[in-house]
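Data file: coords.txt. Format and content: compact mmCIF, C-alpha atoms and all ligand atoms.
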# COMPACT_ATOMS: atom_id res chain seq x y z
CA MET A 1 70.84 108.81 103.96
CA LEU A 2 70.95 108.68 100.16
CA GLN A 3 68.20 107.20 98.04
CA VAL A 4 68.52 107.12 94.25
CA THR A 5 65.45 105.74 92.48
CA ALA A 6 65.16 104.95 88.77
CA LEU A 7 67.79 107.53 87.83
CA VAL A 8 68.18 108.11 84.10
CA LYS A 9 70.56 110.60 82.49
CA LYS A 10 70.64 110.94 78.75
CA TYR A 11 73.14 112.97 76.75
CA GLY A 12 71.21 113.43 73.52
CA LYS A 13 70.02 109.93 72.68
CA GLN A 14 72.67 108.12 74.69
CA ASN A 15 71.71 106.79 78.13
CA ALA A 16 74.80 107.55 80.23
CA VAL A 17 72.89 106.35 83.31
CA ASN A 18 70.31 103.70 82.61
CA ASN A 19 67.54 103.56 85.23
CA ILE A 20 69.60 102.81 88.33
CA THR A 21 68.31 102.43 91.88
CA PHE A 22 70.47 102.23 94.99
CA SER A 23 70.74 103.62 98.49
CA LEU A 24 73.33 104.36 101.15
CA GLU A 25 72.50 103.94 104.83
CA GLY A 26 73.85 106.47 107.33
CA GLY A 27 77.47 105.62 108.17
CA GLU A 28 77.96 103.41 105.14
CA VAL A 29 81.06 103.67 102.96
CA VAL A 30 80.47 102.56 99.40
CA GLY A 31 83.09 102.27 96.67
CA LEU A 32 81.82 103.06 93.18
CA LEU A 33 83.91 101.30 90.56
CA GLY A 34 83.62 100.97 86.82
CA PRO A 35 85.60 101.28 83.62
CA ASN A 36 86.01 104.63 81.84
CA GLY A 37 82.67 105.89 80.58
CA ALA A 38 80.61 103.62 82.87
CA GLY A 39 78.54 106.54 84.18
CA LYS A 40 80.11 107.07 87.62
CA SER A 41 80.74 110.83 87.32
CA THR A 42 77.40 111.39 85.65
CA THR A 43 75.67 109.61 88.55
CA MET A 44 77.53 111.71 91.12
CA LYS A 45 76.90 114.96 89.25
CA CYS A 46 73.17 114.17 89.12
CA ILE A 47 73.14 113.41 92.85
CA VAL A 48 74.84 116.69 93.81
CA GLY A 49 72.71 118.68 91.38
CA LEU A 50 75.39 119.73 88.89
CA LEU A 51 73.65 117.87 86.08
CA ARG A 52 69.92 117.84 85.49
CA LYS A 53 68.62 114.26 85.64
CA THR A 54 66.45 113.03 82.78
CA ALA A 55 64.24 110.97 85.09
CA GLY A 56 64.18 109.54 88.59
CA GLU A 57 64.21 110.67 92.17
CA ILE A 58 67.06 111.44 94.51
CA THR A 59 66.83 112.23 98.23
CA ILE A 60 69.58 113.01 100.72
CA GLY A 61 68.69 112.67 104.40
CA GLY A 62 65.06 112.42 103.28
CA HIS A 63 65.16 115.78 101.46
CA ASP A 64 64.98 116.30 97.72
CA HIS A 65 68.62 116.49 96.58
CA LEU A 66 68.19 119.99 95.15
CA SER A 67 66.83 121.47 98.40
CA VAL A 68 68.88 123.66 100.73
CA GLU A 69 68.28 121.11 103.53
CA ALA A 70 69.97 118.42 101.42
CA LYS A 71 72.82 120.72 100.42
CA LYS A 72 73.62 121.42 104.06
CA LEU A 73 74.29 117.71 104.55
CA PHE A 74 76.91 116.95 101.93
CA SER A 75 80.21 117.90 100.33
CA TYR A 76 81.31 116.95 96.85
CA ILE A 77 84.83 116.61 95.53
CA PRO A 78 84.68 116.76 91.75
CA GLU A 79 86.90 114.81 89.39
CA THR A 80 88.43 118.06 88.17
CA PRO A 81 88.99 120.61 90.91
CA HIS A 82 87.53 124.04 90.31
CA VAL A 83 89.22 126.83 92.24
CA TYR A 84 88.62 130.56 92.01
CA ASP A 85 91.47 132.26 90.13
CA LEU A 86 91.51 135.33 92.35
CA LEU A 87 90.99 133.77 95.78
CA THR A 88 93.97 132.57 97.82
CA THR A 89 94.02 129.12 99.44
CA TRP A 90 93.07 130.71 102.77
CA GLU A 91 90.27 132.74 101.17
CA HIS A 92 88.80 129.55 99.66
CA LEU A 93 88.57 128.07 103.14
CA GLN A 94 87.19 131.33 104.57
CA PHE A 95 84.54 131.42 101.83
CA ILE A 96 83.40 127.86 102.62
CA ALA A 97 83.53 128.52 106.38
CA GLN A 98 81.28 131.55 106.03
CA ALA A 99 78.89 129.88 103.58
CA TYR A 100 78.46 126.88 105.91
CA ASN A 101 78.77 128.80 109.18
CA VAL A 102 81.62 126.60 110.42
CA PRO A 103 82.43 127.20 114.11
CA ASN A 104 86.15 127.68 114.97
CA TRP A 105 86.89 127.57 111.28
CA LYS A 106 90.37 129.09 111.46
CA GLU A 107 91.73 126.27 113.63
CA LYS A 108 90.12 123.65 111.40
CA ALA A 109 91.34 125.35 108.22
CA GLU A 110 94.88 125.46 109.59
CA HIS A 111 94.65 121.77 110.48
CA TRP A 112 93.56 120.71 106.99
CA MET A 113 96.15 122.97 105.32
CA GLU A 114 98.82 121.31 107.44
CA VAL A 115 97.58 117.78 106.62
CA TYR A 116 97.70 118.58 102.89
CA GLU A 117 100.96 120.58 103.10
CA LEU A 118 99.31 123.79 101.93
CA THR A 119 100.42 125.98 104.83
CA ASP A 120 103.11 127.69 102.77
CA LYS A 121 100.58 128.12 99.92
CA LYS A 122 98.15 129.98 102.19
CA ASP A 123 98.46 133.27 100.28
CA LYS A 124 98.86 131.81 96.78
CA LEU A 125 96.08 132.64 94.31
CA GLY A 126 93.97 129.82 92.87
CA ARG A 127 95.24 130.52 89.37
CA ASP A 128 98.84 130.01 90.51
CA LEU A 129 98.27 126.61 92.15
CA SER A 130 99.37 123.39 90.45
CA LYS A 131 96.77 120.75 89.54
CA GLY A 132 97.58 118.65 92.59
CA MET A 133 97.48 121.70 94.87
CA ARG A 134 94.04 122.61 93.47
CA GLN A 135 92.84 119.10 94.24
CA LYS A 136 94.17 119.48 97.79
CA VAL A 137 92.35 122.83 98.22
CA SER A 138 89.19 121.18 96.89
CA ILE A 139 89.50 118.34 99.43
CA CYS A 140 90.20 120.77 102.32
CA CYS A 141 87.13 122.84 101.34
CA ALA A 142 84.97 119.69 101.34
CA LEU A 143 86.23 118.51 104.73
CA LEU A 144 86.01 121.87 106.51
CA PRO A 145 82.21 121.92 107.12
CA GLU A 146 82.36 118.35 108.54
CA PRO A 147 79.38 117.18 106.45
CA GLN A 148 77.36 114.02 107.17
CA VAL A 149 77.71 112.77 103.60
CA LEU A 150 80.72 112.98 101.28
CA PHE A 151 80.76 112.34 97.56
CA PHE A 152 84.31 111.84 96.29
CA ASP A 153 84.77 111.55 92.52
CA GLU A 154 88.29 110.26 91.84
CA PRO A 155 89.77 112.11 94.83
CA MET A 156 93.30 110.74 94.38
CA ILE A 157 93.85 112.00 90.84
CA GLY A 158 96.79 114.36 90.70
CA LEU A 159 97.73 113.84 94.35
CA ASP A 160 101.31 113.01 95.34
CA PRO A 161 101.98 109.76 97.28
CA LYS A 162 101.93 111.49 100.67
CA ALA A 163 98.58 113.14 99.97
CA ILE A 164 97.18 109.81 98.71
CA LYS A 165 98.29 108.17 101.96
CA ASN A 166 96.73 110.99 104.00
CA THR A 167 93.48 110.76 102.05
CA LYS A 168 93.26 106.99 102.65
CA ARG A 169 93.78 107.64 106.39
CA ILE A 170 91.11 110.38 106.33
CA PHE A 171 88.65 107.96 104.67
CA LYS A 172 89.22 105.61 107.61
CA GLU A 173 88.73 108.40 110.15
CA LEU A 174 85.58 109.64 108.42
CA LYS A 175 84.21 106.11 108.41
CA GLU A 176 85.01 105.70 112.12
CA SER A 177 83.20 108.94 112.90
CA GLY A 178 80.05 107.61 111.20
CA LYS A 179 80.06 109.64 107.98
CA THR A 180 78.34 108.33 104.87
CA ILE A 181 80.68 108.18 101.88
CA LEU A 182 80.30 107.39 98.21
CA VAL A 183 83.70 107.28 96.53
CA SER A 184 84.37 106.67 92.89
CA THR A 185 87.91 105.60 92.14
CA HIS A 186 90.16 103.63 89.84
CA LEU A 187 92.58 103.08 92.73
CA ILE A 188 90.82 99.92 93.77
CA ASP A 189 93.03 99.24 96.80
CA SER A 190 92.06 102.61 98.29
CA VAL A 191 88.50 101.38 98.93
CA GLU A 192 89.05 97.65 99.31
CA THR A 193 89.68 97.78 103.06
CA ILE A 194 87.26 100.52 104.08
CA ALA A 195 84.20 100.02 101.88
CA ASP A 196 81.20 98.33 103.50
CA ARG A 197 79.88 97.71 100.04
CA ILE A 198 81.09 97.88 96.44
CA MET A 199 78.97 99.07 93.53
CA ILE A 200 80.22 98.29 90.06
CA MET A 201 78.86 100.20 87.07
CA LYS A 202 79.19 99.36 83.41
CA ASP A 203 77.48 100.99 80.43
CA GLY A 204 75.21 103.05 82.69
CA ASN A 205 74.00 100.03 84.70
CA ILE A 206 74.86 98.74 88.16
CA ILE A 207 76.19 95.23 87.56
CA GLY A 208 77.22 94.45 91.13
CA ASN A 209 76.17 95.97 94.46
CA ASP A 210 77.05 94.07 97.62
CA THR A 211 79.73 93.43 100.21
CA LEU A 212 83.01 92.26 98.76
CA ALA A 213 82.54 88.80 100.33
CA ASN A 214 79.06 88.40 98.82
CA LEU A 215 80.21 89.63 95.41
CA LYS A 216 83.03 87.09 95.45
CA ALA A 217 80.58 84.32 96.39
CA THR A 218 78.02 85.37 93.76
CA PHE A 219 80.55 85.59 90.97
CA SER A 220 82.43 82.44 92.07
CA GLN A 221 85.67 84.16 92.91
CA ALA A 222 88.05 82.50 95.35
CA GLU A 223 87.94 83.99 98.82
CA ASP A 224 91.56 85.11 98.59
CA SER A 225 91.03 86.85 95.23
CA SER A 226 91.28 90.63 95.31
CA LEU A 227 88.70 93.28 94.53
CA GLU A 228 90.76 94.04 91.44
CA ASP A 229 90.36 90.43 90.18
CA LEU A 230 86.60 90.63 90.77
CA PHE A 231 86.37 94.02 89.06
CA LEU A 232 88.26 92.79 85.98
CA GLU A 233 86.11 89.65 85.77
CA LEU A 234 82.85 91.58 86.09
CA THR A 235 83.71 94.33 83.65
CA LYS A 236 85.44 92.28 80.94
CA ASP A 237 83.88 92.48 77.50
CA GLU A 238 82.05 89.34 76.44
N1 LIG B 1 78.93 116.25 78.59
C1 LIG B 1 78.72 115.09 77.96
N2 LIG B 1 78.14 115.07 76.74
C2 LIG B 1 77.92 113.89 76.10
N3 LIG B 1 78.25 112.69 76.60
C3 LIG B 1 78.85 112.65 77.79
C4 LIG B 1 79.12 113.85 78.54
N4 LIG B 1 79.73 113.50 79.71
C5 LIG B 1 79.82 112.15 79.69
N5 LIG B 1 79.30 111.64 78.54
C6 LIG B 1 79.20 110.22 78.19
O1 LIG B 1 78.46 109.56 79.22
C7 LIG B 1 79.02 108.28 79.51
C8 LIG B 1 79.37 108.21 81.00
O2 LIG B 1 80.44 109.13 81.28
P1 LIG B 1 80.97 109.40 82.76
O3 LIG B 1 81.89 110.57 82.69
O4 LIG B 1 79.83 109.47 83.69
O5 LIG B 1 81.78 108.05 83.04
P2 LIG B 1 82.76 107.66 84.21
O6 LIG B 1 82.33 106.29 84.68
O7 LIG B 1 82.82 108.71 85.24
O8 LIG B 1 84.15 107.53 83.43
P3 LIG B 1 85.68 107.84 83.87
O9 LIG B 1 86.12 106.67 84.72
O10 LIG B 1 86.38 107.86 82.56
O11 LIG B 1 85.71 109.15 84.59
C9 LIG B 1 80.22 108.12 78.57
O12 LIG B 1 79.81 107.37 77.46
C10 LIG B 1 80.57 109.54 78.16
O13 LIG B 1 81.10 109.57 76.86
Could you spell out this file's structure in structure tokens?
Ligand SMILES: Nc1ncnc2c1ncn2[C@@H]1O[C@H](COP(=O)(O)OP(=O)(O)OP(=O)(O)O)[C@@H](O)[C@H]1O
Amino acid sequence: MLQVTALVKKYGKQNAVNNITFSLEGGEVVGLLGPNGAGKSTTMKCIVGLLRKTAGEITIGGHDHLSVEAKKLFSYIPETPHVYDLLTTWEHLQFIAQAYNVPNWKEKAEHWMEVYELTDKKDKLGRDLSKGMRQKVSICCALLPEPQVLFFDEPMIGLDPKAIKNTKRIFKELKESGKTILVSTHLIDSVETIADRIMIMKDGNIIGNDTLANLKATFSQAEDSSLEDLFLELTKDE
């Protein structure tokens, strides 16, 4: 469903992403972990076409990632939510529904607004929403078209505990309904139970990419050690 081949992204002379290759099968949920500055957001932004890659190839569902066919397949939740100042919460959802031709969009929009406790913010303008509310609008907009592939970049940032709990539950439901998900997060426990595979990045490289059990075996971690223990071991400075 996603194939990234020899992806390089340079900012000036610095390689933020250093020739990485990985893929996601349809229905796979992959947690992308890494310390600050590892290259996670840069990788995601290259995949969704917000940043121009320096080199490499990316396909989504077999289509070049910049094609309209690819764009119809995925949603992206950025690290920092961008909402339109002069659109209300409801108008954001309407805009997405019309752009993606979502059937029965009003019912679905009402459902997601209820899940994220935005119903009473329906008529509030984007510019008057708090940071957490913007993040919730961004998540609702991404979920509304029911895409095959979801790219979540730090989706929990700014969310209150109830919204974090809801988002974890939604991850589970999306996984059960066969969606493909790449989620970058520092909240390691939010992916530990649902991820089929964990990818760990450091300094622009992928330093681990396997099931949690295999990673533990490869890096001689006890079976009862947590993903957090493994992460800290793998990413510690020499
Ligand atoms: N616009 C930019 N211009 C120059 N360098 C950048 C830019 N954006 C990111 N970088 C650099 O690229 C590297 C990777 O950054 P990136 O934001 O992808 O990391 P990250 O893994 O998402 O980190 P975090 O967990 O802090 O969000 C870092 O060294 C960062 O300083």
Subject >> Separation of atom CA of A:His186 from atom CA of A:Pro35, in Å and rounded to one decimal >> reply: 8.1 Å
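The interatomic distance for the pair atom CA of A:Asp123 and atom CA of A:Lys165 works out to 25.2 Å.
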**OP:** Pick out the residues no farther than 7 Å from ligand LIG 1 (chain B), counting only C-alpha atoms and all ligand atoms, and list them as JSON, numbers by chain.
**Re:** {"A": [11, 16, 34, 35, 36, 37, 38, 39, 40, 41, 42, 43, 204]}
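For A:His82, the residues within 8 Å (counting all atoms listed in the file, excluding itself and residues fewer than 3 positions away along the chain) are A:Pro78, A:Arg134, A:Ser138.
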Export of the given selection (C-alpha atoms) as a PDB file, keeping the file's coordinate frame:
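Final file, selection12.pdb:
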ATOM      1  CA  PRO A  78      84.680 116.760  91.750  1.00  0.00           C
ATOM      2  CA  ARG A 134      94.040 122.610  93.470  1.00  0.00           C
ATOM      3  CA  SER A 138      89.190 121.180  96.890  1.00  0.00           C
TER       4      SER A 138
END
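In this model, the gap between atom CA of A:Val149 and atom CA of A:Met1 comes to 7.9 Å.
Among the candidate residues A:Asp189, A:Asp85, A:Glu57, A:Glu79, the one lying nearest to A:Val4 is A:Glu57, with distances computed using all atoms listed in the file.
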Extract, using all atoms listed in the file, all DNA, RNA and protein residues at most 10 Å from A:Asn18, discarding same-chain residues fewer than 6 positions from it, and format them as a short mmCIF file (atom, residue, chain, number, x, y, z; two decimals) with C-alpha atoms, in the frame of the given file.
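Writing the result to result-v3.cif gives the following:
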data_model
loop_
_atom_site.label_atom_id
_atom_site.label_comp_id
_atom_site.auth_asym_id
_atom_site.auth_seq_id
_atom_site.Cartn_x
_atom_site.Cartn_y
_atom_site.Cartn_z
CA ALA A 6 65.16 104.95 88.77
CA LEU A 7 67.79 107.53 87.83
CA VAL A 8 68.18 108.11 84.10
CA LYS A 9 70.56 110.60 82.49
CA LYS A 10 70.64 110.94 78.75
CA GLY A 39 78.54 106.54 84.18
CA THR A 43 75.67 109.61 88.55
CA ALA A 55 64.24 110.97 85.09
CA LYS A 202 79.19 99.36 83.41
CA ASP A 203 77.48 100.99 80.43
CA GLY A 204 75.21 103.05 82.69
CA ASN A 205 74.00 100.03 84.70
CA ILE A 206 74.86 98.74 88.16
#
**OP:** Excluding A:Glu192 and any residue of its chain fewer than 2 positions from it, enumerate the residues within 9 Å of it, using all atoms listed in the file, and give them as an NGL selection string.
**Re:** :A and (31 or 188-190 or 194-196 or 198 or 212 or 226-228)
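Comparing the minimum interatomic distances between A:Ile164 and each of A:Leu129, A:Ile20, A:Val115, A:Ile200, counting only C-alpha atoms, we find that A:Val115 sits nearest.
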**OP:** Find the residues near A:Lys179: any atom within 12 Å, counting only C-alpha atoms, skip ones fewer than 3 places away on the same chain, and give them as a list in words.
**Re:** Met1, Leu24, Glu25, Gly26, Gly27, Glu28, Val29, Val30, Leu73, Phe74, Ser75, Leu143, Glu146, Pro147, Gln148, Val149, Leu150, Phe151, Ile170, Phe171, Lys172, Glu173, Leu174, Lys175, Glu176 and Leu182 of chain A
**OP:** Can you pull out every residue within 10 Å of A:Asp229, counting all atoms listed in the file, but drop anything in the same chain fewer than 6 positions away, and send it as a PyMOL selection string?
**Re:** chain A and resi 216+221-222
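Closest to A:Lys131 among A:Thr193, A:Thr119, A:Thr180, A:Thr80 is A:Thr80, based on only C-alpha atoms.
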